[in-house]
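Written out below as structure tokens is the structure these notes cover.
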Amino acid sequence: MGLVKIIGAGLAGSEAAWQCSRRGLDVNLYEMRPVRSTPAHQTADFAELVCSNSLKSDSENTAPWLLKEEMRRAGSLLMEIARECAVPAGHALAVDRVTFAARVTEAISGEPRITIRREEVKAVDETGDVTIVATGPLTSEALAAEVARLSFGSTPSEHGSSSRSPHLYFYDSISPIVEADSIDTSRVYMAARYDKGSPDYINCPLSEADYARFYDALLAAQSVEERDWEKLNYFEGCLPIEEIARRGRDTLRFGPMKPVGLKDPRTGKMPYAVVQLRQENLRADSYNLVGFQNHLKFGEQSRVLRLIPGLENARFLRYGQIHRNTYINAPTLLRQTLQMKDHPRVFFAGQICGVEGYVESIATGLLAGIQAAATIAGIELALAPRSSAFGSLTHYVTHADRKNFQPANITFDLLPPLDRKIRDRKERHRAQCELALKEFDAWLAGTAPVLSLS
Ligand SMILES: Cc1cc2nc3c(=O)[nH]c(=O)nc-3n(C[C@H](O)[C@H](O)[C@H](O)COP(=O)(O)OP(=O)(O)OC[C@H]3O[C@@H](n4cnc5c(N)ncnc54)[C@H](O)[C@@H]3O)c2cc1C
């Protein structure tokens, strides 16, 4: 029927290869390991989970469950293997990582239409075979340079004079994000530093005693275990807070916890220290802790950050993390089908397309596989419905703010609000999932010519 080239046999690339081959396409799947490895992978197996072994919550009516449920309904190979390799983990779907990667490798290797090539790809022919780039956050340098070349589209004036494309991002740290309605508004105040601009920031004031308690807990908190690849040379501009704290008792008060220009209107005084929260999305239902990137274990983060006045009961949508990441500026470069606006024969999937997380990477691999098959078949496929987790994730990736684009996990935050108000959170999420699955099923059925598996 046709040939598709897939670069990277990680989570996204393996799922994409399976989806394409099951639709009758021949696949050339390129994986550079073990010829060349990444700083995080340890084996030559496909779909290796580089850190935790959790594919997040599988509790019904949570956002990560919804995404997984949609994938199961769409015939995901990796979801099927995850079920077979599941280990007890409460409400989460966690897997035996060794068995998981081994089974994915076995399934892909046994597929007659997939040819595996163990080599590093350094170039992409944007006019040649339909190609899915799924090389992940640790894309090899040569290919990253090639992606930068492709990212210079037909509108050079947008790109300034920099020799590196601004549409390929590298970052080392992310700050934690909390749900807005979990912030105790009686303990915080809105203000802009020196009253410049509108008072959009939430400010959590700390007294000297609060600061001492927080500082001591921060220094005593456990960091994520160090591995060789984590011995990063941090940029001075985005040091983890625990690293700043180690430089002196007051260093944080001259950095991310600087109180100057932030008088508390209730006391008329400047607090001893301040933590600022910046609105994360247009709906203002999530906020990030400005400058609070850190490398602490997730459990330690919730314990230590809840010592901040106003955040005692904070619910975390995302924890702070630090690692190398390579991703394109998808809102500028991609259509919602995950293909490049300027080069429609080139698709992106996985972390490099601007999603965050194992499950999100697999989901975009699945979608890119279906869309690539449709492109080769000359079929224009309807987009996954906006109400679904698939549709919301790809909508976010391609419609988020271009200037401050950051990869995202699936959360209810990305889903559109319902057309009626439901006050109870649980009930609201249940209704959102019900609608999502109903519309997702209809989409699956309607796209049967390309979606039906052989
Ligand atoms: C250190 C680290 C820890 C992470 N921890 C977690 C976590 O705990 N939980 C979570 O949900 N997410 C985590 N992530 C984020 C993300 O979910 C994973 O990186 C995930 O594996 C991304 O899937 P992917 O398919 O996009 O990339 P990958 O799974 O990394 O697959 C990309 C593949 O492409 C190959 N490749 C790269 N360049 C080339 C090339 N030029 N030619 C051929 N092959 C190439 C690589 O060898 C790799 O096999 C972590 C990321 C990093 C970097």
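Residues in the structure tokens are named by chain (A, B, ... in the order shown) and by number from 1 within that chain; ligands are numbered from 1 in the order shown.
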- Task: Can you list, as a PyMOL selection string, all residues belonging to segment 93-125 of chain A that DSSP tags as alpha helix (DSSP H)?
- Result: chain A and resi 97-109
- Query: Which polymer residues have any atom within 7 Å of an atom of segment 83-99 of chain A, counting only C-alpha atoms, with same-chain residues fewer than 4 positions away left out, as number ranges by chain?
  - Reply: A: 49, 53-59, 79, 103
Considering only C-alpha atoms, tabulate each residue of segment 64-86 of chain A that lies at most 12 Å from segment 23-47 of chain A along with its nearest interatomic pair and the corresponding distance in Å to one decimal; arrange the rows by chain and ascending residue number and present them as JSON lines.
{"residue": "A:Gly75", "atom": "CA", "partner": "A:Arg23", "partner_atom": "CA", "distance": 11.7}
{"residue": "A:Leu77", "atom": "CA", "partner": "A:Ala47", "partner_atom": "CA", "distance": 11.3}
{"residue": "A:Leu78", "atom": "CA", "partner": "A:Ala47", "partner_atom": "CA", "distance": 8.6}
{"residue": "A:Met79", "atom": "CA", "partner": "A:Ala47", "partner_atom": "CA", "distance": 11.8}
{"residue": "A:Ile81", "atom": "CA", "partner": "A:Ala47", "partner_atom": "CA", "distance": 11.0}
{"residue": "A:Ala82", "atom": "CA", "partner": "A:Ala47", "partner_atom": "CA", "distance": 11.0}
Selection to disk with N, CA, C and O atoms, as a compact mmCIF listing (two decimals), in the first residue's frame:
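out-v7.txt was written with the following content:
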# COMPACT_ATOMS: atom_id res chain seq x y z
N GLY A 75 -7.28 0.56 19.94
CA GLY A 75 -6.43 -0.60 19.61
C GLY A 75 -4.94 -0.36 19.81
O GLY A 75 -4.13 -0.78 18.99
N LEU A 77 -1.32 -1.00 20.87
CA LEU A 77 -0.48 -2.16 21.21
C LEU A 77 0.14 -1.97 22.60
O LEU A 77 0.15 -2.88 23.43
N LEU A 78 0.66 -0.77 22.87
CA LEU A 78 1.38 -0.58 24.12
C LEU A 78 0.45 -0.65 25.34
O LEU A 78 0.85 -1.10 26.40
N MET A 79 -0.79 -0.21 25.17
CA MET A 79 -1.75 -0.33 26.28
C MET A 79 -2.05 -1.79 26.56
O MET A 79 -2.18 -2.21 27.71
N ILE A 81 -0.05 -4.35 25.96
CA ILE A 81 1.12 -4.98 26.61
C ILE A 81 1.25 -4.47 28.06
O ILE A 81 1.60 -5.24 28.96
N ALA A 82 0.91 -3.21 28.28
CA ALA A 82 0.97 -2.67 29.65
C ALA A 82 0.03 -3.46 30.57
O ALA A 82 0.37 -3.78 31.71
- Looking at A:Thr326, A:Ser223, A:Gln406, A:Asn203, which one is nearest to ligand 1, with distances taken over only C-alpha atoms and all ligand atoms?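 Counting only C-alpha atoms and all ligand atoms, the residue closest to ligand 1 is A:Thr326.
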- Item | Within-6 Å residues of ligand 1, basis only C-alpha atoms and all ligand atoms, as a PyMOL selection string | chain A and resi 7-13+30-33+37-38+40+47+49-52+119-122+134-137+139-140+143+323-324+350-352+356-358+361
Once you have the residues from the selection above, write them out as a CSV table (one decimal), in the first residue's frame, restricted to N, CA and C atoms.
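Below is the file result34.csv, written as the result:
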chain,number,residue,atom,x,y,z
A,7,ILE,N,11.2,7.4,12.7
A,7,ILE,CA,12.5,7.6,13.4
A,7,ILE,C,12.4,7.6,14.9
A,8,GLY,N,13.0,6.6,15.5
A,8,GLY,CA,12.9,6.4,17.0
A,8,GLY,C,11.9,5.3,17.3
A,9,ALA,N,12.4,4.3,18.0
A,9,ALA,CA,11.5,3.2,18.5
A,9,ALA,C,11.3,3.3,20.0
A,10,GLY,N,11.0,4.5,20.4
A,10,GLY,CA,10.6,4.6,21.9
A,10,GLY,C,9.2,4.4,22.0
A,11,LEU,N,8.5,5.1,22.9
A,11,LEU,CA,7.1,4.9,23.2
A,11,LEU,C,6.3,5.3,22.0
A,12,ALA,N,6.5,6.5,21.5
A,12,ALA,CA,5.7,7.0,20.4
A,12,ALA,C,6.0,6.2,19.1
A,13,GLY,N,7.2,6.0,18.8
A,13,GLY,CA,7.6,5.4,17.5
A,13,GLY,C,7.1,4.0,17.4
A,30,TYR,N,13.5,3.2,12.4
A,30,TYR,CA,15.0,3.4,12.7
A,30,TYR,C,15.1,3.6,14.2
A,31,GLU,N,16.1,2.9,14.8
A,31,GLU,CA,16.4,3.1,16.2
A,31,GLU,C,17.9,3.1,16.3
A,32,MET,N,18.4,4.2,17.0
A,32,MET,CA,19.9,4.3,17.0
A,32,MET,C,20.5,3.5,18.1
A,33,ARG,N,19.7,3.1,19.2
A,33,ARG,CA,20.3,2.2,20.2
A,33,ARG,C,20.4,0.8,19.6
A,37,SER,N,23.7,5.4,22.2
A,37,SER,CA,22.6,5.5,23.2
A,37,SER,C,22.3,6.9,23.6
A,38,THR,N,21.3,7.1,24.5
A,38,THR,CA,21.0,8.4,25.0
A,38,THR,C,21.5,8.5,26.5
A,40,ALA,N,19.9,8.6,29.1
A,40,ALA,CA,18.9,8.0,30.0
A,40,ALA,C,18.6,6.6,29.8
A,47,ALA,N,10.7,1.1,23.4
A,47,ALA,CA,9.7,1.5,24.4
A,47,ALA,C,10.3,1.3,25.8
A,49,LEU,N,11.1,2.5,29.4
A,49,LEU,CA,10.7,3.5,30.3
A,49,LEU,C,11.9,4.0,31.1
A,50,VAL,N,12.3,5.2,30.9
A,50,VAL,CA,13.6,5.7,31.4
A,50,VAL,C,13.6,6.0,32.9
A,51,CYS,N,12.5,6.2,33.4
A,51,CYS,CA,12.5,6.7,34.8
A,51,CYS,C,11.5,5.9,35.7
A,52,SER,N,10.3,6.4,36.0
A,52,SER,CA,9.4,5.7,36.8
A,52,SER,C,8.7,4.6,35.9
A,119,GLU,N,20.2,2.3,13.4
A,119,GLU,CA,21.1,3.3,13.0
A,119,GLU,C,20.6,4.7,13.4
A,120,GLU,N,21.5,5.6,13.5
A,120,GLU,CA,21.2,7.0,13.9
A,120,GLU,C,20.8,7.7,12.6
A,121,VAL,N,19.6,8.3,12.6
A,121,VAL,CA,19.1,9.0,11.4
A,121,VAL,C,19.6,10.5,11.6
A,122,LYS,N,20.2,11.0,10.6
A,122,LYS,CA,20.7,12.4,10.7
A,122,LYS,C,20.1,13.4,9.8
A,134,ALA,N,10.0,10.6,15.9
A,134,ALA,CA,9.6,10.3,17.2
A,134,ALA,C,10.8,10.0,18.1
A,135,THR,N,11.7,10.9,18.1
A,135,THR,CA,13.0,10.7,18.7
A,135,THR,C,13.1,11.2,20.1
A,136,GLY,N,12.0,11.7,20.6
A,136,GLY,CA,12.0,11.9,22.1
A,136,GLY,C,12.8,13.1,22.6
A,137,PRO,N,12.7,13.3,23.9
A,137,PRO,CA,13.4,14.5,24.5
A,137,PRO,C,14.9,14.4,24.4
A,139,THR,N,16.6,13.4,21.7
A,139,THR,CA,17.0,13.3,20.3
A,139,THR,C,18.5,13.6,20.0
A,140,SER,N,19.1,12.8,19.2
A,140,SER,CA,20.5,12.9,19.0
A,140,SER,C,20.8,14.3,18.4
A,143,LEU,N,20.3,14.9,14.6
A,143,LEU,CA,18.9,15.0,14.1
A,143,LEU,C,18.3,16.3,14.6
A,323,HIS,N,15.2,18.0,33.6
A,323,HIS,CA,15.9,17.1,32.7
A,323,HIS,C,16.0,17.7,31.4
A,324,ARG,N,16.9,17.2,30.6
A,324,ARG,CA,17.0,17.7,29.2
A,324,ARG,C,15.7,17.4,28.4
A,350,GLY,N,5.2,12.0,20.1
A,350,GLY,CA,5.9,11.8,21.3
A,350,GLY,C,6.4,13.1,21.9
A,351,GLN,N,7.3,13.0,22.9
A,351,GLN,CA,7.7,14.2,23.6
A,351,GLN,C,8.2,15.3,22.7
A,352,ILE,N,8.8,15.0,21.6
A,352,ILE,CA,9.4,16.1,20.7
A,352,ILE,C,8.2,16.9,20.1
A,356,GLU,N,4.0,15.9,27.3
A,356,GLU,CA,4.9,15.5,28.4
A,356,GLU,C,4.4,14.2,28.9
A,357,GLY,N,5.2,13.2,29.1
A,357,GLY,CA,4.8,12.0,29.8
A,357,GLY,C,4.7,10.8,28.9
A,358,TYR,N,4.8,9.6,29.5
A,358,TYR,CA,4.8,8.3,28.8
A,358,TYR,C,3.5,8.1,28.0
A,361,SER,N,2.9,10.4,25.2
A,361,SER,CA,3.8,10.1,24.1
A,361,SER,C,3.3,9.0,23.2
- Item | Spatial neighbours of Arg303 of chain A, max dist 10 Å, only C-alpha atoms, sep filter under 6 positions, as an NGL selection string | :A and (217-218 or 221 or 312)
- Task: Mind checking which residues fall within 10 Å of Gln339 of chain A, counting only C-alpha atoms, ignoring those fewer than 4 positions away in the same chain, and posting them as a list in words?
- Result: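 The contact residues come out as Val130, Thr131, Ile132, Val133, Ala330, Leu333, Leu334, Arg335, His343, Pro344, Arg345, Val346, Phe347, Phe348, Ala349, Cys353, Ala368, Gln371, Ala372 and Thr375 of chain A.
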- DSSP on the backbone: what in segment 278-406 of chain A comes out strand (DSSP E), as a list in words? Arg278, Gln279, Ser286, Tyr287, Asn288, Leu289, Phe316, Leu317, Arg318, Asn325, Thr326, Tyr327, Ile328, Val346, Phe347 and Phe348 of chain A
- Task: Can you work out which one of A:Ile328, A:Ile422, A:Ile379, A:Ile241 has the shortest atom-to-atom distance to Phe405 of chain A, counting only C-alpha atoms?
- Result: A:Ile328
- Task: Might you pull out every residue within 9 Å of Ser387 of chain A, with only C-alpha atoms counted and same-chain residues fewer than 3 positions away left off, and present them as a PyMOL selection string?
- Result: chain A and resi 384+390-392+415-418+432-433+435-437+439-440
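From atom CA of Pro205 of chain A back to atom CA of Gly310 of chain A, the distance works out to 8.5 Å.
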- Of the candidates A:Ala180, A:Asp200, A:Val4, A:Ser207, which one gets nearest to Ala16 of chain A if we count only C-alpha atoms?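 Among the listed residues, the smallest separation from Ala16 of chain A belongs to A:Val4.
Proximity to Leu296 of chain A was assessed for A:Asn313, A:Gln321, A:Thr105, A:Asn404 counting only C-alpha atoms; the smallest distance is recorded for A:Gln321.
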- Message: Considering only C-alpha atoms, can you say which of A:Leu414, A:Ala382, A:Val359, A:Val188 comes closest to Arg283 of chain A?
- Response: A:Leu414
- Item | A:Val260, A:Ala220, A:Leu138, A:Ala431 ranked by distance to Asp195 of chain A, top pick (using only C-alpha atoms) | A:Val260
